[in-house]
Amino acid sequence: MDFVFYLWLPLILLALASIYKLLNKNKDSSKPWIRIEEVKDNE
Amino acid sequence: MSRHLSMRTANPALQSDTFRKSMSGSIASDGTMTINGVVNKTGLSLLLLIISASITWSNPALSWLGMVGTFAGLILAVVTIFKPTISHLTVPAYAIMQGLFLGLISRVFENQYPGIAVQAIFLTFGTLGSLLLAYMSGLIKATENFKLGIFAATGAIGVLYLINFIMSFFGTGIGVIHSNSTMGIVFSIGVVVIAALNLVLDFDFIEEGAEIGAPKYMEWYATFGLLVTLIWLYIEILRLLSKLNSRR
């Protein structure tokens with residue numbers, strides 16, 4: 001295989017890992033659509 | 001903000017006290033540095049660089065212009081470092097001069113190994129893109145230890161190149177720098193990696209400047225830092241590709 005492919009490989013992997021992290025970061029920080037709160041007995 | 005305050009970068013243009021110096025003298029009258037401003041100025045500078053590179057690339061007879069660009073670029077770089085307030089004048093001129101130089105050396109490499117210049121250009125911008133993504137996602141963070149490591153490694157490469165330059169006057173040199181042996185290629189890959197990681201320090205410098213509200217002219221100065229790293233990266237990739245091609 002062409003050696004230029006091996007030079008691109010780490011760049012592609014780094015970009016994919018970054019995109020994966022960006023997507024997961026957004027997933028973590030997103031607020032839930034519905035918030036369920038505990039209701040005390042006497043309320 | 002404190003994340004950036006003890007700034008350490010290997011790029012001679014982007015040192016820890018650069019912002020302090022820029023803010024101590026005068027209050028910015030025409031606004032403050034923004035990331036968008038740096039992006040626009042970098043785009044404009046790269047456009048100027050590509051246009052001037054096309055002159056020496058397409059006219060081999062104008063190789064003297066490439067030599068002029070080399071020395072003028074060096075002088076303009078020194079002026080920019082010592083007088084950042086006029087970087088709106090020196091940085092576009094620096095981009096044009098370096099373009100003339102890059103057009104010439106790209107043509108020299110291209111004549112030896114056809115197709116090498118295009119590969120180097122794509123790899124340079126590919127590296128810029130993937131490291132920008134990695135920085136934005138937080139995958140690579142410019143921590144103090146990271147900065148220290150890149151600073152030390154870049155300094156070591158600088159010293160090695162300086163020794164090689166001095167040795168060249170006596171008709172010798174450090175073999176591994178120019179050799180296409182396995183060690184020579186490993187060395188080149190290492191230098192490319194260090195040059196690429198310098199981009200992360202540049203991104204950190206730009207982010208810090210925008211956060212602390214550095215003067216507007218620092219947008220040009222940050223552009224200059226980014227250009228220096230990109231040009232170094234391109235030359236090192238060109239050198240690595242030529243070593244790999246020569247083994248075919």
# chains A, B, ... in the order shown; residues from 1 in each chain; ligands from 1

$ interface_residues --of "chain B" --to "chain A" --cutoff "7 Å" --atoms "only C-alpha atoms" --output "list in words"
Gly126, Thr127, Ser130, Leu133, Ala134, Ser137 and Leu139 of chain B

$ residues_around --residues "segment 77-80 of chain B" --least-positions-apart "2" --cutoff "8 Å" --atoms "only C-alpha atoms" --output "PyMOL selection string"
chain B and resi 73-75+82-84+86-87+90-91+94+221

$ write_last_selection --atoms "N, CA and C atoms" --output "PDB file, in the first residue's frame"
ATOM      1  N   GLY B  73      11.578  37.479   4.081  1.00  0.00           N
ATOM      2  CA  GLY B  73      10.690  36.833   5.047  1.00  0.00           C
ATOM      3  C   GLY B  73      11.321  36.753   6.418  1.00  0.00           C
ATOM      4  N   LEU B  74      12.619  36.440   6.431  1.00  0.00           N
ATOM      5  CA  LEU B  74      13.355  36.342   7.703  1.00  0.00           C
ATOM      6  C   LEU B  74      13.397  37.704   8.403  1.00  0.00           C
ATOM      7  N   ILE B  75      13.694  38.751   7.620  1.00  0.00           N
ATOM      8  CA  ILE B  75      13.768  40.110   8.191  1.00  0.00           C
ATOM      9  C   ILE B  75      12.397  40.531   8.718  1.00  0.00           C
ATOM     10  N   PHE B  82       9.652  41.809  17.174  1.00  0.00           N
ATOM     11  CA  PHE B  82      10.079  42.921  18.029  1.00  0.00           C
ATOM     12  C   PHE B  82       9.121  44.111  17.997  1.00  0.00           C
ATOM     13  N   LYS B  83       8.273  44.187  16.977  1.00  0.00           N
ATOM     14  CA  LYS B  83       7.346  45.319  16.855  1.00  0.00           C
ATOM     15  C   LYS B  83       5.956  44.811  16.457  1.00  0.00           C
ATOM     16  N   PRO B  84       5.276  44.127  17.373  1.00  0.00           N
ATOM     17  CA  PRO B  84       3.973  43.542  17.011  1.00  0.00           C
ATOM     18  C   PRO B  84       2.910  44.575  16.648  1.00  0.00           C
ATOM     19  N   ILE B  86       2.983  46.846  14.544  1.00  0.00           N
ATOM     20  CA  ILE B  86       2.881  47.087  13.089  1.00  0.00           C
ATOM     21  C   ILE B  86       2.680  45.765  12.329  1.00  0.00           C
ATOM     22  N   SER B  87       2.214  44.749  13.053  1.00  0.00           N
ATOM     23  CA  SER B  87       2.058  43.432  12.412  1.00  0.00           C
ATOM     24  C   SER B  87       0.985  43.437  11.315  1.00  0.00           C
ATOM     25  N   THR B  90       3.432  44.086   8.502  1.00  0.00           N
ATOM     26  CA  THR B  90       4.511  43.117   8.283  1.00  0.00           C
ATOM     27  C   THR B  90       3.999  41.700   8.000  1.00  0.00           C
ATOM     28  N   VAL B  91       2.864  41.320   8.611  1.00  0.00           N
ATOM     29  CA  VAL B  91       2.387  39.932   8.437  1.00  0.00           C
ATOM     30  C   VAL B  91       1.906  39.643   7.000  1.00  0.00           C
ATOM     31  N   TYR B  94       5.003  39.395   5.052  1.00  0.00           N
ATOM     32  CA  TYR B  94       5.685  38.144   5.404  1.00  0.00           C
ATOM     33  C   TYR B  94       5.052  36.972   4.633  1.00  0.00           C
ATOM     34  N   TYR B 221      -0.803  39.330  14.838  1.00  0.00           N
ATOM     35  CA  TYR B 221       0.356  38.689  15.461  1.00  0.00           C
ATOM     36  C   TYR B 221       0.106  37.189  15.658  1.00  0.00           C
TER      37      TYR B 221
END

$ residues_around --residues "segment 46-51 of chain B" --least-positions-apart "3" --cutoff "9 Å" --atoms "only C-alpha atoms" --output "list in words"
Lys41, Thr42, Gly43, Ser54, Ile55, Pro92, Ala93, Tyr94, Ala95, Ile96, Met97, Gln98, Gly99, Leu100, Leu102, Gly103 and Leu227 of chain B

$ write_last_selection --atoms "N, CA and C atoms" --output "compact mmCIF listing (two decimals), in the first residue's frame"
# COMPACT_ATOMS: atom_id res chain seq x y z
N LYS B 41 -8.08 36.77 9.21
CA LYS B 41 -6.73 37.24 8.84
C LYS B 41 -5.84 36.08 8.40
N THR B 42 -6.03 34.92 9.00
CA THR B 42 -5.26 33.74 8.58
C THR B 42 -5.67 33.34 7.16
N GLY B 43 -6.97 33.39 6.89
CA GLY B 43 -7.46 33.06 5.54
C GLY B 43 -6.89 34.01 4.51
N SER B 54 2.42 30.82 -6.32
CA SER B 54 2.14 30.40 -7.70
C SER B 54 3.07 31.10 -8.69
N ILE B 55 3.59 32.28 -8.31
CA ILE B 55 4.50 33.01 -9.21
C ILE B 55 5.82 32.24 -9.38
N PRO B 92 1.10 40.52 6.37
CA PRO B 92 0.75 40.25 4.95
C PRO B 92 2.00 40.22 4.07
N ALA B 93 2.96 41.13 4.34
CA ALA B 93 4.21 41.14 3.56
C ALA B 93 5.00 39.85 3.80
N TYR B 94 5.00 39.40 5.05
CA TYR B 94 5.69 38.14 5.40
C TYR B 94 5.05 36.97 4.63
N ALA B 95 3.71 36.95 4.58
CA ALA B 95 3.00 35.87 3.87
C ALA B 95 3.38 35.87 2.39
N ILE B 96 3.48 37.06 1.79
CA ILE B 96 3.83 37.16 0.36
C ILE B 96 5.26 36.65 0.13
N MET B 97 6.19 37.10 0.99
CA MET B 97 7.61 36.71 0.86
C MET B 97 7.79 35.20 1.06
N GLN B 98 7.13 34.66 2.09
CA GLN B 98 7.24 33.23 2.35
C GLN B 98 6.60 32.42 1.22
N GLY B 99 5.57 33.00 0.60
CA GLY B 99 4.94 32.35 -0.55
C GLY B 99 5.94 32.19 -1.69
N LEU B 100 6.71 33.25 -1.94
CA LEU B 100 7.73 33.19 -3.01
C LEU B 100 8.75 32.09 -2.71
N LEU B 102 8.28 29.40 -0.67
CA LEU B 102 7.65 28.07 -0.71
C LEU B 102 7.38 27.61 -2.14
N GLY B 103 7.01 28.56 -3.01
CA GLY B 103 6.79 28.22 -4.42
C GLY B 103 8.06 27.67 -5.04
N LEU B 227 1.07 31.07 10.95
CA LEU B 227 1.75 30.94 9.65
C LEU B 227 3.12 30.31 9.81

$ residues_around --residues "segment 196-205 of chain B" --least-positions-apart "3" --cutoff "8 Å" --atoms "only C-alpha atoms" --output "tab-separated table (two decimals) with C-alpha atoms, in the first residue's frame"
chain	number	residue	atom	x	y	z
B	4	HIS	CA	-3.86	29.89	29.86
B	7	MET	CA	1.43	30.33	28.88
B	9	THR	CA	4.91	27.95	23.78
B	10	ALA	CA	7.83	26.84	21.69
B	11	ASN	CA	6.99	29.25	18.91
B	14	LEU	CA	4.21	33.46	20.72
B	127	THR	CA	-3.05	17.99	9.95
B	128	LEU	CA	-4.37	21.50	10.66
B	131	LEU	CA	-5.67	18.99	15.25
B	132	LEU	CA	-8.22	21.80	15.27
B	135	TYR	CA	-8.40	20.82	20.26
B	140	ILE	CA	-5.84	17.26	23.13
B	141	LYS	CA	-5.50	19.84	25.86
B	142	ALA	CA	-2.69	22.37	26.12
B	147	LYS	CA	3.44	22.86	26.70
B	150	ILE	CA	6.56	20.60	23.13
B	192	VAL	CA	6.57	16.48	11.79
B	193	VAL	CA	4.74	15.36	14.95
B	208	GLU	CA	-6.10	33.11	25.45
B	209	GLY	CA	-5.77	36.37	23.49
B	222	ALA	CA	-1.48	35.44	16.28
B	225	GLY	CA	2.43	32.61	14.79
B	226	LEU	CA	0.07	30.23	13.02
B	229	THR	CA	4.05	26.84	12.38
B	230	LEU	CA	2.18	25.94	9.17
B	233	LEU	CA	5.08	21.86	9.11

$ select_by_dssp --residues "segment 4-244 of chain B" --states "helix (DSSP H, G or I)" --output "ChimeraX atom specification"
/B:4-5,18-25,35-58,60-82,84-112,116-137,144-168,175-178,182-212,218-244

$ closest_residue --among "B:Ile81, B:Leu104, B:Ile166, B:Leu89" --to "Val68 of chain B" --atoms "only C-alpha atoms"
B:Leu104

$ atom_distance --atom1 "atom CA of Ala156 of chain B" --atom2 "atom CA of Ala195 of chain B"
12.3 Å

$ residues_around --residues "Val118 of chain B" --least-positions-apart "5" --cutoff "10 Å" --atoms "only C-alpha atoms" --output "ChimeraX atom specification"
/B:106,110,123-124,238
